[in-house]
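*Asks:* Next up is a structure, given as structure tokens.
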Amino acid sequence: MPGRADRDPAGGAAPRGILRRRPERWLFKGIYGLVLASALVAALDVPGGEAEPGQDALWVLLTALTSGAAHGYAHVIARRASGDGATRPSRVRAVLSEWPLAVAVLPTVAMLLAAEAGWWAEDTAADTALLLNTVLLFALGTSAARAAGLGRLSSCRAGALDMLIGLVIIAADALIE
């Protein structure tokens, strides 16, 4: 028998899978993580500066973990301020539920670590990470829209709007450099 978390609001069994159960969680936190990783990799990749991809990877990961913890803790503070007497385990769960944000930065971290290992130049890793994150923004936006029940064309439009964020970061990076 399905548990409470496996039911949709109408009372039927909800589809299984991470995106199908909580698309809004992945949409918000995944997009936030991808945008955060893109902005950080663009900012840390200073033209003409000394390449430090390992240090950049550490900064991207630490910033994502800190941002996730801060966002989860902000939810705890908001509940406390609203007078909701949430128990301690739900406070911890609120912070730990931010894990999709940290997962979203891992492709960027992996590319920077590959540059640290000498597999490619840091500039190439940064540019590839920006491009991959932009494609992932499209994929995540499209998948979340499909999971929410939108049609293919509407889902592609939603993904394209999400992808636009990545394109803006790429354009800003090109203009600033």
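Ordered as shown in the structure tokens, chains take letters A, B, and onward, while each chain numbers its residues from 1 and ligands are numbered from 1 in the order shown.
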Using only C-alpha atoms, which protein or nucleic acid residues come within 9 Å of Thr134 in chain A? Drop anything in the same chain fewer than 4 positions from it, and give the result as a list of chain:residue names.
*Replies:* A:Leu34, A:Val35, A:Ser38, A:Ala129, A:Leu130, A:Phe138, A:Ala139, A:Asp162, A:Met163, A:Leu164, A:Ile165, A:Gly166, A:Leu167, A:Ile170
*Asks:* What would the file look like if the residues just selected were written as a PDB file, in the first residue's frame with N, CA, C and O atoms?
*Replies:*
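Here's the written file result-v9.pdb:
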ATOM      1  N   LEU A  34      22.463  24.924 -10.516  1.00  0.00           N
ATOM      2  CA  LEU A  34      23.114  25.093 -11.818  1.00  0.00           C
ATOM      3  C   LEU A  34      23.470  26.552 -12.087  1.00  0.00           C
ATOM      4  O   LEU A  34      24.553  26.861 -12.591  1.00  0.00           O
ATOM      5  N   VAL A  35      22.565  27.451 -11.739  1.00  0.00           N
ATOM      6  CA  VAL A  35      22.844  28.878 -11.923  1.00  0.00           C
ATOM      7  C   VAL A  35      23.979  29.311 -11.003  1.00  0.00           C
ATOM      8  O   VAL A  35      24.884  30.047 -11.418  1.00  0.00           O
ATOM      9  N   SER A  38      27.224  28.007 -12.442  1.00  0.00           N
ATOM     10  CA  SER A  38      27.605  28.760 -13.638  1.00  0.00           C
ATOM     11  C   SER A  38      28.151  30.135 -13.279  1.00  0.00           C
ATOM     12  O   SER A  38      29.178  30.560 -13.800  1.00  0.00           O
ATOM     13  N   ALA A 129      31.729  23.711 -18.711  1.00  0.00           N
ATOM     14  CA  ALA A 129      30.787  23.696 -17.591  1.00  0.00           C
ATOM     15  C   ALA A 129      29.639  24.669 -17.841  1.00  0.00           C
ATOM     16  O   ALA A 129      28.476  24.345 -17.592  1.00  0.00           O
ATOM     17  N   LEU A 130      29.953  25.857 -18.350  1.00  0.00           N
ATOM     18  CA  LEU A 130      28.902  26.828 -18.655  1.00  0.00           C
ATOM     19  C   LEU A 130      27.939  26.285 -19.709  1.00  0.00           C
ATOM     20  O   LEU A 130      26.719  26.413 -19.576  1.00  0.00           O
ATOM     21  N   PHE A 138      18.003  23.509 -19.478  1.00  0.00           N
ATOM     22  CA  PHE A 138      16.926  23.171 -20.417  1.00  0.00           C
ATOM     23  C   PHE A 138      16.315  21.815 -20.066  1.00  0.00           C
ATOM     24  O   PHE A 138      15.092  21.674 -19.984  1.00  0.00           O
ATOM     25  N   ALA A 139      17.171  20.816 -19.833  1.00  0.00           N
ATOM     26  CA  ALA A 139      16.684  19.466 -19.540  1.00  0.00           C
ATOM     27  C   ALA A 139      15.888  19.429 -18.237  1.00  0.00           C
ATOM     28  O   ALA A 139      14.816  18.801 -18.176  1.00  0.00           O
ATOM     29  N   ASP A 162      14.276  28.411 -18.932  1.00  0.00           N
ATOM     30  CA  ASP A 162      15.296  28.080 -17.938  1.00  0.00           C
ATOM     31  C   ASP A 162      16.694  28.172 -18.553  1.00  0.00           C
ATOM     32  O   ASP A 162      17.630  28.662 -17.926  1.00  0.00           O
ATOM     33  N   MET A 163      16.817  27.704 -19.786  1.00  0.00           N
ATOM     34  CA  MET A 163      18.094  27.744 -20.482  1.00  0.00           C
ATOM     35  C   MET A 163      18.551  29.185 -20.706  1.00  0.00           C
ATOM     36  O   MET A 163      19.750  29.470 -20.724  1.00  0.00           O
ATOM     37  N   LEU A 164      17.607  30.089 -20.844  1.00  0.00           N
ATOM     38  CA  LEU A 164      17.929  31.504 -21.058  1.00  0.00           C
ATOM     39  C   LEU A 164      18.778  32.057 -19.919  1.00  0.00           C
ATOM     40  O   LEU A 164      19.655  32.897 -20.144  1.00  0.00           O
ATOM     41  N   ILE A 165      18.551  31.567 -18.709  1.00  0.00           N
ATOM     42  CA  ILE A 165      19.362  32.009 -17.568  1.00  0.00           C
ATOM     43  C   ILE A 165      20.833  31.673 -17.816  1.00  0.00           C
ATOM     44  O   ILE A 165      21.719  32.495 -17.599  1.00  0.00           O
ATOM     45  N   GLY A 166      21.097  30.456 -18.272  1.00  0.00           N
ATOM     46  CA  GLY A 166      22.465  30.047 -18.567  1.00  0.00           C
ATOM     47  C   GLY A 166      23.067  30.864 -19.696  1.00  0.00           C
ATOM     48  O   GLY A 166      24.254  31.229 -19.652  1.00  0.00           O
ATOM     49  N   LEU A 167      22.269  31.171 -20.711  1.00  0.00           N
ATOM     50  CA  LEU A 167      22.761  31.980 -21.829  1.00  0.00           C
ATOM     51  C   LEU A 167      23.104  33.396 -21.379  1.00  0.00           C
ATOM     52  O   LEU A 167      24.074  33.990 -21.859  1.00  0.00           O
ATOM     53  N   ILE A 170      26.463  33.159 -19.731  1.00  0.00           N
ATOM     54  CA  ILE A 170      27.509  33.017 -20.747  1.00  0.00           C
ATOM     55  C   ILE A 170      27.771  34.361 -21.415  1.00  0.00           C
ATOM     56  O   ILE A 170      28.932  34.762 -21.620  1.00  0.00           O
TER      57      ILE A 170
END
*Asks:* Tell me, as a list in words, which residues lie within 7 Å of range 92-96 of chain A, counting only C-alpha atoms; anything in the same chain fewer than 6 positions away does not count.
*Replies:*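 Selected residues are Ala69, Gly72, Tyr73, His75 and Val76 of chain A.
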*Asks:* Include N, CA, C and O atoms and write out the residues we just selected as a short mmCIF file (atom, residue, chain, number, x, y, z; two decimals), in the first residue's frame.
*Replies:*
data_model
loop_
_atom_site.label_atom_id
_atom_site.label_comp_id
_atom_site.auth_asym_id
_atom_site.auth_seq_id
_atom_site.Cartn_x
_atom_site.Cartn_y
_atom_site.Cartn_z
N ALA A 69 22.55 24.92 2.97
CA ALA A 69 22.33 24.94 4.42
C ALA A 69 21.64 26.23 4.84
O ALA A 69 20.72 26.21 5.66
N GLY A 72 17.94 26.04 3.74
CA GLY A 72 17.19 25.15 4.63
C GLY A 72 16.99 25.77 6.00
O GLY A 72 15.90 25.68 6.59
N TYR A 73 18.02 26.42 6.52
CA TYR A 73 17.91 27.05 7.84
C TYR A 73 16.94 28.23 7.80
O TYR A 73 16.23 28.49 8.76
N HIS A 75 14.26 28.31 6.09
CA HIS A 75 12.94 27.69 6.25
C HIS A 75 12.65 27.39 7.72
O HIS A 75 11.52 27.59 8.19
N VAL A 76 13.65 26.92 8.44
CA VAL A 76 13.49 26.64 9.87
C VAL A 76 13.14 27.92 10.62
O VAL A 76 12.21 27.94 11.43
#
*Asks:* Given the choices A:Ile176, A:Leu27, A:Leu112, A:Ala102, which gets closest to Ala126 in chain A if the distance is worked out from only C-alpha atoms?
*Replies:*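 The shortest atom-to-atom distance to Ala126 in chain A comes from A:Leu112.
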